[in-house]
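Coordinates from target_18.cif are shown below (mmCIF, C-alpha atoms).
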data_start
loop_
_atom_site.label_atom_id
_atom_site.label_comp_id
_atom_site.auth_asym_id
_atom_site.auth_seq_id
_atom_site.Cartn_x
_atom_site.Cartn_y
_atom_site.Cartn_z
CA MET A 8 -57.72 55.46 36.55
CA THR A 9 -54.63 55.05 34.46
CA ILE A 10 -53.45 52.15 36.61
CA ASP A 11 -56.73 50.19 36.27
CA LYS A 12 -57.06 50.66 32.50
CA PRO A 13 -54.76 47.82 31.39
CA GLY A 14 -56.49 45.39 33.77
CA HIS A 15 -59.89 46.46 32.51
CA GLU A 16 -58.86 45.85 28.89
CA ILE A 17 -57.52 42.38 29.69
CA SER A 18 -60.75 41.54 31.52
CA ASN A 19 -62.83 42.63 28.53
CA LEU A 20 -60.61 40.59 26.25
CA LEU A 21 -61.05 37.41 28.34
CA PHE A 22 -64.80 37.68 28.65
CA HIS A 23 -65.68 38.86 25.16
CA GLN A 24 -63.48 36.57 23.01
CA GLY A 25 -65.72 34.00 21.34
CA TRP A 26 -63.22 31.10 21.37
CA ILE A 27 -62.61 30.81 25.12
CA THR A 28 -65.92 29.23 26.10
CA PRO A 29 -66.11 26.48 23.45
CA VAL A 30 -62.42 25.59 23.80
CA SER A 31 -62.79 25.42 27.59
CA LEU A 32 -65.86 23.21 27.23
CA ILE A 33 -63.98 20.88 24.88
CA ILE A 34 -61.09 20.55 27.33
CA VAL A 35 -63.42 19.94 30.29
CA LEU A 36 -65.38 17.37 28.29
CA ALA A 37 -62.14 15.59 27.32
CA LEU A 38 -61.04 15.49 30.97
CA VAL A 39 -64.41 14.10 32.08
CA LEU A 40 -64.42 11.41 29.37
CA HIS A 41 -60.81 10.47 30.17
CA PHE A 42 -61.71 10.11 33.85
CA LEU A 43 -64.86 8.07 33.11
CA ILE A 44 -62.99 5.69 30.82
CA SER A 45 -60.30 5.11 33.46
CA ARG A 46 -62.89 4.43 36.15
CA LEU A 47 -64.92 2.15 33.89
CA TYR A 48 -61.79 0.20 32.93
CA LYS A 49 -60.82 -0.34 36.57
CA ARG A 50 -64.31 -1.58 37.40
CA LEU A 51 -64.85 -3.85 34.41
CA MET A 52 -61.40 -5.41 34.10
CA PRO A 53 -61.53 -7.53 37.32
CA ARG A 54 -64.98 -8.83 36.35
CA LEU A 55 -64.00 -9.72 32.81
CA GLU A 56 -60.87 -11.54 33.99
CA LYS A 57 -63.12 -13.98 35.88
CA THR A 58 -65.17 -14.89 32.82
CA HIS A 59 -64.30 -17.73 30.46
CA LEU A 60 -64.64 -15.54 27.38
CA ALA A 61 -61.51 -14.33 25.64
CA TRP A 62 -62.89 -11.66 23.33
CA ASP A 63 -64.40 -9.32 25.97
CA PHE A 64 -61.26 -9.15 28.08
CA SER A 65 -59.04 -8.75 25.01
CA LEU A 66 -61.30 -6.10 23.48
CA LEU A 67 -61.46 -3.95 26.62
CA LYS A 68 -57.70 -4.15 27.08
CA ALA A 69 -57.16 -3.20 23.43
CA VAL A 70 -59.66 -0.31 23.35
CA VAL A 71 -58.87 1.66 26.49
CA LEU A 72 -55.54 3.24 25.52
CA PRO A 73 -56.39 4.13 21.88
CA LEU A 74 -59.73 5.55 23.07
CA LYS A 75 -57.98 7.91 25.49
CA PHE A 76 -55.69 9.10 22.71
CA LEU A 77 -58.69 9.56 20.43
CA ILE A 78 -60.46 11.78 22.97
CA TRP A 79 -57.51 14.15 23.25
CA ILE A 80 -56.82 14.17 19.52
CA LEU A 81 -60.44 15.12 18.85
CA ALA A 82 -60.30 17.78 21.55
CA ILE A 83 -57.09 19.30 20.20
CA THR A 84 -58.17 19.28 16.54
CA PHE A 85 -61.66 20.69 17.22
CA GLY A 86 -60.17 23.34 19.49
CA ALA A 87 -57.63 24.24 16.82
CA GLU A 88 -60.41 24.55 14.23
CA ILE A 89 -62.33 26.93 16.52
CA LEU A 90 -59.23 29.08 16.88
CA GLY A 91 -58.76 29.01 13.12
CA TYR A 92 -62.31 30.20 12.51
CA HIS A 93 -62.02 32.88 15.19
CA PHE A 94 -58.75 34.35 13.93
CA GLU A 95 -59.93 33.92 10.31
CA ASN A 96 -57.01 31.68 9.42
CA ASN A 97 -58.50 29.20 6.99
CA THR A 98 -55.28 27.24 6.52
CA PHE A 99 -55.62 25.66 9.97
CA VAL A 100 -59.04 24.11 9.37
CA PRO A 101 -58.24 21.69 6.48
CA PHE A 102 -54.90 20.79 8.05
CA PHE A 103 -56.41 19.73 11.36
CA ARG A 104 -59.27 17.93 9.61
CA GLY A 105 -56.69 15.82 7.77
CA VAL A 106 -54.83 15.20 11.02
CA ARG A 107 -58.08 14.12 12.67
CA SER A 108 -58.99 11.72 9.86
CA PHE A 109 -55.53 10.18 9.86
CA ALA A 110 -55.54 9.87 13.66
CA VAL A 111 -58.94 8.17 13.76
CA ILE A 112 -57.89 5.58 11.16
CA PHE A 113 -54.51 5.05 12.80
CA LEU A 114 -56.04 4.58 16.25
CA PHE A 115 -58.61 2.17 14.85
CA LEU A 116 -55.76 0.20 13.26
CA TRP A 117 -53.78 0.28 16.50
CA MET A 118 -56.79 -0.90 18.50
CA THR A 119 -57.47 -3.77 16.08
CA LEU A 120 -53.83 -4.93 16.10
CA ARG A 121 -53.82 -4.84 19.90
CA PHE A 122 -57.02 -6.88 19.96
CA ILE A 123 -55.52 -9.52 17.63
CA LYS A 124 -52.36 -9.72 19.74
CA ASN A 125 -54.34 -10.02 22.99
CA MET A 126 -56.48 -12.79 21.51
CA GLU A 127 -53.37 -14.67 20.40
CA ILE A 128 -51.69 -14.35 23.81
CA HIS A 129 -54.88 -15.31 25.67
CA HIS A 130 -55.52 -18.34 23.45
CA VAL A 131 -51.97 -19.66 23.83
CA ARG A 132 -51.98 -19.12 27.59
CA GLU A 133 -55.38 -20.79 27.98
CA GLN A 134 -54.29 -23.85 26.02
CA ARG A 135 -51.12 -24.14 28.09
CA GLU A 136 -52.99 -23.85 31.38
CA GLN A 137 -55.47 -26.52 30.31
CA LYS A 138 -52.59 -28.63 28.96
CA LYS A 139 -54.27 -29.00 25.58
CA GLN A 140 -52.47 -29.57 22.33
CA TYR A 141 -52.82 -26.71 19.88
CA ASP A 142 -51.32 -25.80 16.55
CA LYS A 143 -48.98 -22.86 17.06
CA THR A 144 -48.48 -22.52 13.33
CA THR A 145 -52.20 -22.13 12.63
CA VAL A 146 -52.64 -19.59 15.41
CA ARG A 147 -49.69 -17.56 14.16
CA ALA A 148 -50.85 -17.78 10.54
CA VAL A 149 -54.41 -16.64 11.32
CA CYS A 150 -53.12 -13.71 13.36
CA GLN A 151 -50.62 -12.62 10.70
CA VAL A 152 -53.20 -12.83 7.92
CA SER A 153 -55.63 -10.85 10.07
CA ARG A 154 -53.01 -8.16 10.68
CA ILE A 155 -52.25 -7.85 6.96
CA GLY A 156 -55.96 -7.63 6.14
CA VAL A 157 -56.58 -4.92 8.74
CA ILE A 158 -53.60 -2.88 7.54
CA LEU A 159 -54.79 -3.06 3.92
CA ILE A 160 -58.33 -2.02 4.89
CA ALA A 161 -57.03 0.91 6.94
CA LEU A 162 -54.81 2.01 4.04
CA LEU A 163 -57.70 1.91 1.54
CA VAL A 164 -59.98 3.84 3.93
CA TYR A 165 -57.33 6.51 4.42
CA LEU A 166 -56.84 6.86 0.66
CA GLN A 167 -60.59 7.24 0.28
CA THR A 168 -60.65 10.04 2.86
CA ARG A 169 -57.94 11.84 0.86
CA ASN A 170 -60.18 11.69 -2.25
CA ILE A 171 -57.82 9.33 -4.03
CA ASN A 172 -59.39 7.07 -6.63
CA ILE A 173 -58.97 3.57 -5.28
CA SER A 174 -59.77 1.98 -8.66
CA ALA A 175 -56.85 3.85 -10.22
CA VAL A 176 -54.60 2.76 -7.39
CA LEU A 177 -55.61 -0.87 -7.85
CA ALA A 178 -55.11 -0.63 -11.61
CA PHE A 179 -51.69 0.90 -11.11
CA GLY A 180 -50.89 -1.81 -8.61
CA GLY A 181 -51.80 -4.48 -11.16
CA ALA A 182 -49.44 -3.00 -13.74
CA GLY A 183 -46.73 -2.31 -11.22
CA GLY A 184 -47.09 -5.77 -9.76
CA ILE A 185 -45.41 -7.26 -12.82
CA VAL A 186 -42.42 -4.97 -12.40
CA VAL A 187 -42.25 -5.61 -8.67
CA GLY A 188 -42.62 -9.34 -9.24
CA LEU A 189 -39.64 -9.42 -11.58
CA ALA A 190 -37.53 -7.26 -9.30
CA ALA A 191 -38.45 -9.14 -6.12
CA LYS A 192 -38.68 -12.67 -7.52
CA ASP A 193 -36.89 -14.31 -4.60
CA LEU A 194 -38.82 -12.29 -2.06
CA LEU A 195 -42.14 -13.37 -3.57
CA ALA A 196 -40.94 -16.97 -3.77
CA ASN A 197 -40.18 -16.89 -0.05
CA PHE A 198 -43.55 -15.26 0.68
CA PHE A 199 -45.53 -17.89 -1.20
CA GLY A 200 -43.29 -20.57 0.26
CA GLY A 201 -44.29 -19.39 3.72
CA LEU A 202 -47.93 -19.36 2.62
CA MET A 203 -47.65 -22.96 1.46
CA ILE A 204 -46.14 -23.94 4.81
CA TYR A 205 -49.14 -22.40 6.57
CA LEU A 206 -51.60 -24.15 4.22
CA ASP A 207 -49.95 -27.58 3.84
CA ARG A 208 -48.43 -27.59 7.34
CA PRO A 209 -45.57 -30.07 6.74
CA PHE A 210 -44.21 -28.88 10.09
CA ASN A 211 -45.24 -26.62 12.95
CA VAL A 212 -43.41 -24.45 15.43
CA GLY A 213 -41.63 -26.74 17.90
CA ASP A 214 -41.27 -29.69 15.47
CA TRP A 215 -37.99 -31.46 14.84
CA ILE A 216 -37.36 -31.49 11.10
CA ARG A 217 -34.55 -32.59 8.83
CA SER A 218 -33.90 -32.64 5.12
CA PRO A 219 -32.08 -35.49 3.36
CA ASP A 220 -31.36 -33.07 0.48
CA ARG A 221 -29.70 -30.32 2.53
CA GLU A 222 -27.82 -30.07 5.81
CA ILE A 223 -30.93 -28.85 7.62
CA GLU A 224 -31.86 -30.41 10.96
CA GLY A 225 -33.18 -28.98 14.20
CA PHE A 226 -36.25 -27.64 15.97
CA VAL A 227 -38.48 -25.04 14.30
CA GLU A 228 -38.63 -21.85 16.39
CA THR A 229 -40.46 -19.40 14.14
CA ILE A 230 -42.11 -19.50 10.72
CA GLY A 231 -42.10 -16.05 9.16
CA TRP A 232 -43.30 -14.81 5.82
CA ARG A 233 -39.74 -14.83 4.43
CA LEU A 234 -37.60 -16.97 6.73
CA THR A 235 -37.98 -19.97 8.98
CA ARG A 236 -35.68 -20.04 12.00
CA ILE A 237 -34.45 -23.49 13.03
CA ARG A 238 -32.43 -24.17 16.18
CA THR A 239 -29.88 -26.86 15.40
CA PHE A 240 -28.77 -29.49 17.91
CA SER A 241 -25.62 -27.43 18.52
CA LYS A 242 -27.96 -24.58 19.65
CA ARG A 243 -27.09 -22.41 16.66
CA PRO A 244 -29.89 -20.59 14.81
CA LEU A 245 -30.32 -21.61 11.18
CA TYR A 246 -32.28 -19.20 8.96
CA VAL A 247 -33.81 -20.93 5.93
CA PRO A 248 -35.67 -18.95 3.21
CA ASN A 249 -39.17 -20.36 2.81
CA GLY A 250 -38.74 -20.75 -0.94
CA ILE A 251 -36.20 -23.54 -0.36
CA PHE A 252 -38.86 -25.79 1.21
CA SER A 253 -40.66 -25.89 -2.14
CA ASN A 254 -37.67 -27.62 -3.76
CA ILE A 255 -36.43 -30.03 -1.08
CA SER A 256 -37.75 -33.05 0.79
CA VAL A 257 -38.51 -32.45 4.45
CA GLU A 258 -38.70 -35.20 7.05
CA ASN A 259 -40.65 -34.52 10.25
CA PRO A 260 -39.49 -36.96 12.95
CA SER A 261 -41.70 -35.19 15.51
CA ARG A 262 -44.74 -36.82 13.91
CA MET A 263 -43.41 -40.38 14.09
CA SER A 264 -45.81 -42.84 15.68
CA ASN A 265 -43.10 -45.24 16.92
CA ARG A 266 -39.34 -45.56 17.02
CA GLN A 267 -37.65 -48.49 15.32
CA ILE A 268 -35.20 -50.97 16.81
CA ARG A 269 -33.32 -52.72 14.00
CA THR A 270 -30.05 -54.55 14.57
CA ARG A 271 -28.17 -57.73 13.65
CA ILE A 272 -26.62 -59.90 16.33
CA GLY A 273 -24.08 -62.62 15.60
CA VAL A 274 -23.30 -65.83 17.46
CA ARG A 275 -20.40 -68.21 16.88
CA TYR A 276 -20.54 -70.94 14.25
CA ASN A 277 -19.85 -73.39 17.07
CA ASP A 278 -23.23 -72.40 18.58
CA ALA A 279 -25.24 -73.19 15.43
CA PRO A 280 -27.34 -75.95 17.14
CA LYS A 281 -28.48 -73.44 19.78
CA LEU A 282 -29.42 -70.66 17.34
CA GLY A 283 -33.04 -71.77 16.80
CA ALA A 284 -33.85 -71.72 20.52
CA ILE A 285 -32.11 -68.35 20.96
CA VAL A 286 -34.10 -66.74 18.13
CA ALA A 287 -37.41 -68.11 19.44
CA GLU A 288 -36.78 -66.90 23.00
CA VAL A 289 -35.67 -63.43 21.87
CA GLU A 290 -38.89 -63.04 19.86
CA GLU A 291 -40.97 -64.23 22.82
CA MET A 292 -39.16 -61.73 25.07
CA LEU A 293 -40.01 -58.88 22.70
CA ARG A 294 -43.67 -59.88 22.44
CA ASN A 295 -43.99 -59.91 26.23
CA ASN A 296 -42.19 -56.61 26.67
CA PRO A 297 -44.74 -53.88 27.65
CA GLU A 298 -42.51 -51.19 26.13
CA ILE A 299 -42.56 -52.79 22.68
CA ASP A 300 -45.53 -52.09 20.40
CA THR A 301 -46.68 -55.56 19.36
CA THR A 302 -49.36 -54.14 17.04
CA MET A 303 -46.54 -53.09 14.72
CA TYR A 304 -44.47 -55.50 12.65
CA LEU A 305 -42.14 -57.55 14.89
CA MET A 306 -39.73 -60.30 13.89
CA VAL A 307 -36.54 -62.06 14.94
CA ARG A 308 -35.06 -64.07 12.06
CA PHE A 309 -31.78 -65.84 11.28
CA ASP A 310 -30.92 -64.22 7.98
CA GLU A 311 -27.17 -64.20 7.30
CA PHE A 312 -24.06 -66.33 7.28
CA GLY A 313 -21.40 -63.83 8.24
CA PRO A 314 -17.63 -64.19 7.79
CA SER A 315 -17.21 -65.20 11.43
CA SER A 316 -20.73 -65.37 12.84
CA LEU A 317 -24.29 -66.54 12.30
CA ASN A 318 -26.37 -63.39 12.28
CA PHE A 319 -30.04 -62.94 13.17
CA LEU A 320 -32.13 -59.82 12.64
CA VAL A 321 -34.04 -58.11 15.46
CA TYR A 322 -36.79 -55.83 14.12
CA CYS A 323 -39.45 -54.13 16.28
CA PHE A 324 -40.89 -50.76 17.33
CA THR A 325 -41.06 -49.07 20.70
CA LYS A 326 -44.20 -47.39 22.01
CA THR A 327 -42.35 -44.25 23.04
CA VAL A 328 -41.15 -41.70 20.51
CA LYS A 329 -39.03 -39.70 22.95
CA TRP A 330 -35.37 -40.12 22.12
CA ALA A 331 -34.03 -40.57 25.68
CA GLU A 332 -36.75 -43.07 26.61
CA TYR A 333 -36.22 -44.93 23.33
CA LEU A 334 -32.51 -45.35 24.02
CA LEU A 335 -33.30 -46.72 27.47
CA VAL A 336 -35.79 -49.25 26.05
CA GLN A 337 -33.29 -50.28 23.36
CA GLN A 338 -30.58 -50.75 25.98
CA LYS A 339 -32.83 -53.02 28.04
CA VAL A 340 -33.66 -55.09 24.96
CA PHE A 341 -29.98 -55.50 24.01
CA LEU A 342 -28.96 -56.50 27.53
CA LYS A 343 -31.80 -59.03 27.69
CA ILE A 344 -30.68 -60.52 24.35
CA ILE A 345 -27.16 -60.97 25.74
CA GLU A 346 -28.63 -62.75 28.79
CA ILE A 347 -30.62 -65.11 26.55
CA ILE A 348 -27.55 -65.95 24.46
CA GLU A 349 -25.48 -66.70 27.57
CA LYS A 350 -28.38 -68.65 29.09
CA HIS A 351 -28.18 -71.15 26.23
CA GLY A 352 -24.44 -71.53 26.66
CA ALA A 353 -23.63 -69.58 23.52
CA GLU A 354 -21.49 -66.52 22.96
CA CYS A 355 -21.70 -63.41 20.83
CA ALA A 356 -19.28 -63.68 17.95
CA PHE A 357 -16.47 -61.30 17.21
CA PRO A 358 -14.23 -61.08 14.11
CA THR A 359 -11.86 -64.05 14.02
CA THR A 360 -9.33 -65.43 11.55
CA THR A 361 -8.51 -69.14 11.16
CA LEU A 362 -5.05 -70.00 9.79
CA HIS A 363 -4.61 -73.44 8.18
CA ILE A 364 -1.00 -74.69 8.10
CA PRO A 365 -0.14 -77.50 5.64
CA GLU A 366 1.47 -80.67 7.04
CA GLY A 367 5.26 -80.74 7.02
CA VAL A 368 5.58 -77.01 7.60
CA HIS A 369 7.21 -76.19 10.90
CA ILE A 370 7.33 -72.80 12.52
CA HIS A 371 10.42 -72.02 14.53
CA PRO A 372 10.59 -69.07 16.90
CA GLN A 373 12.82 -66.29 15.65
CA GLU A 374 16.01 -65.89 17.58
CA PRO A 375 16.63 -62.39 18.89
CA SER A 376 19.14 -60.50 16.80
CA MET A 377 22.39 -59.27 18.27
CA PRO A 378 22.59 -55.53 18.82
#
Mind turning this structure into structure tokens?
Amino acid sequence: MTIDKPGHEISNLLFHQGWITPVSLIIVLALVLHFLISRLYKRLMPRLEKTHLAWDFSLLKAVVLPLKFLIWILAITFGAEILGYHFENNTFVPFFRGVRSFAVIFLFLWMTLRFIKNMEIHHVREQREQKKQYDKTTVRAVCQVSRIGVILIALLVYLQTRNINISAVLAFGGAGGIVVGLAAKDLLANFFGGLMIYLDRPFNVGDWIRSPDREIEGFVETIGWRLTRIRTFSKRPLYVPNGIFSNISVENPSRMSNRQIRTRIGVRYNDAPKLGAIVAEVEEMLRNNPEIDTTMYLMVRFDEFGPSSLNFLVYCFTKTVKWAEYLLVQQKVFLKIIEIIEKHGAECAFPTTTLHIPEGVHIHPQEPSMP
């Protein structure tokens, strides 16, 4: 009898404690829900991937992981509250209620941020696959503004759950905003500078920009809320605060409609009678060139008496805006102009000097000096 007594007491303790059954049910329910969510995700995901909708696939992918965490957080906090009530420890109950409220808001925020990120990735990938042009800057701006809005809403909801007067917080923020604005003047200038870039869109991610006011030139890689990263032609990153773009001129060559060919070509003064025919044929060659945009202003004009040449201006625009293709078109045009000049028996001029010697002046060769 003495040997079985401890076992009998343990058995009575296990069967008569009031917290075992509800805690066990909570754990079993959490396991079942976790299993059902995993199975449902595996069944729905292949079907949603075949649809042309972006939101359903992105939403399911964003919800599944936070939902699993939510199930276990609810199970742990409710189980801890039951233990607190059973052992008459009232300090556990409010603590775990606060943890549960914070966890629910945090997981909702996490799920929403994941959904925004998935939508951004899916949209960019879809546009690339369909080879459509899309504005990366607008997509990035909408997603960043959405993230900031969701974070602010989650913060206000959490403050409300902690019985904090939101009106007082907003009033304090209005008074403190002046102090913060003075202390972080440059930071706010960069923030609003980035906002103006998103609204005015003088350039987008991937554009080639340059500033005649500063030594800024390269391709835009990222546009942040404080800095814009530019990759220079030497492949070095250049970080420019957004506030600077409010005070400088920015040129965006990526948005050019055509590239310009503008040059002066000189022929010899001896070839003056042939210059009219040369100019006319060069202009005709340009107008018949399929790589030259004849809808734009085009002219070939004799416009200058140079020191050692008669110069004519060649002014036209190419259809291509790509730099390498433009150089190839320009090279073909220049070579064709040389052929036309030689065809008329003329020559391109080069700097020459004519020396006039008065009569009666004789030049004798200098005799070599003795060593």
Within 12 Å of Arg243 of chain A, counting all atoms listed in the file, which residues qualify if same-chain residues fewer than 2 places away don't, as a short mmCIF file (atom, residue, chain, number, x, y, z; two decimals) with C-alpha atoms, in the coordinates of the input?
data_model
loop_
_atom_site.label_atom_id
_atom_site.label_comp_id
_atom_site.auth_asym_id
_atom_site.auth_seq_id
_atom_site.Cartn_x
_atom_site.Cartn_y
_atom_site.Cartn_z
CA ILE A 223 -30.93 -28.85 7.62
CA GLU A 224 -31.86 -30.41 10.96
CA GLY A 225 -33.18 -28.98 14.20
CA PHE A 226 -36.25 -27.64 15.97
CA VAL A 227 -38.48 -25.04 14.30
CA GLU A 228 -38.63 -21.85 16.39
CA ARG A 236 -35.68 -20.04 12.00
CA ILE A 237 -34.45 -23.49 13.03
CA ARG A 238 -32.43 -24.17 16.18
CA THR A 239 -29.88 -26.86 15.40
CA PHE A 240 -28.77 -29.49 17.91
CA SER A 241 -25.62 -27.43 18.52
CA LEU A 245 -30.32 -21.61 11.18
CA TYR A 246 -32.28 -19.20 8.96
#
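Contact shell of segment 287-289 of chain A at 12 Å (only C-alpha atoms; same-chain neighbours under 5 positions omitted): Ile272, Lys281, Leu282, Arg294, Asn295, Asn296, Leu305, Met306, Val307, Arg308, Phe309, Phe319, Leu320, Val321, Tyr322, Cys323, Val340, Phe341, Leu342, Lys343, Ile344, Ile345, Glu346, Ile347, Ile348, Lys350 and His351 of chain A.
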Return the single residue from A:Met203, A:Ala82, A:Leu120, A:Ala110 that is closest to Leu66 of chain A, with distances computed using all atoms listed in the file. A:Leu120
Residue IDs satisfying the PyMOL selection byres ((chain A and resi 354) around 8), as a list in words: Val274, Arg275, Asp278, Ile348, Glu349, Gly352, Ala353, Cys355 and Ala356 of chain A
Could you state which residues are captured by the PyMOL selection byres ((chain A and resi 122) around 6) in this file, as a VMD selection string? chain A and resid 65 to 66 69 119 to 121 123 to 125
Which residues would end up in the selection if the PyMOL selection byres ((chain A and resi 71) around 10) were applied here, given that I need the answer as a PyMOL selection string? chain A and resi 41+44-45+47-48+66-70+72-77+118
Ranking A:Tyr333, A:Trp232, A:Phe210, A:Phe109 by minimum distance to Ala196 of chain A and counting only C-alpha atoms, which one comes first? A:Trp232
So, with all atoms listed in the file as the atoms that count, which of A:Ser315, A:Ser253, A:Asn277, A:Thr325 lies closest to Phe199 of chain A?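 Closest candidate: A:Ser253.
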Residues within 12 Å of Gln267 of chain A, only C-alpha atoms, excluding chain neighbours under 4 positions, as an MDAnalysis selection string: chainID A and resid 260 263 299:300 303:305 321:330 333:334 336:337
With all atoms listed in the file as the basis for distance, which of A:Phe312, A:Ala148, A:Phe115, A:Trp215 is at the shortest distance from Leu162 of chain A?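 Among the listed residues, the smallest separation from Leu162 of chain A belongs to A:Phe115.
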Quick one: distance from atom CA of Glu258 of chain A to atom CA of Thr229 of chain A in Å, one decimal?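 We find that atom CA of Glu258 of chain A and atom CA of Thr229 of chain A lie 17.4 Å from each other.
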What separates atom CA of Val30 of chain A and atom CA of Leu114 of chain A is a distance of 23.2 Å
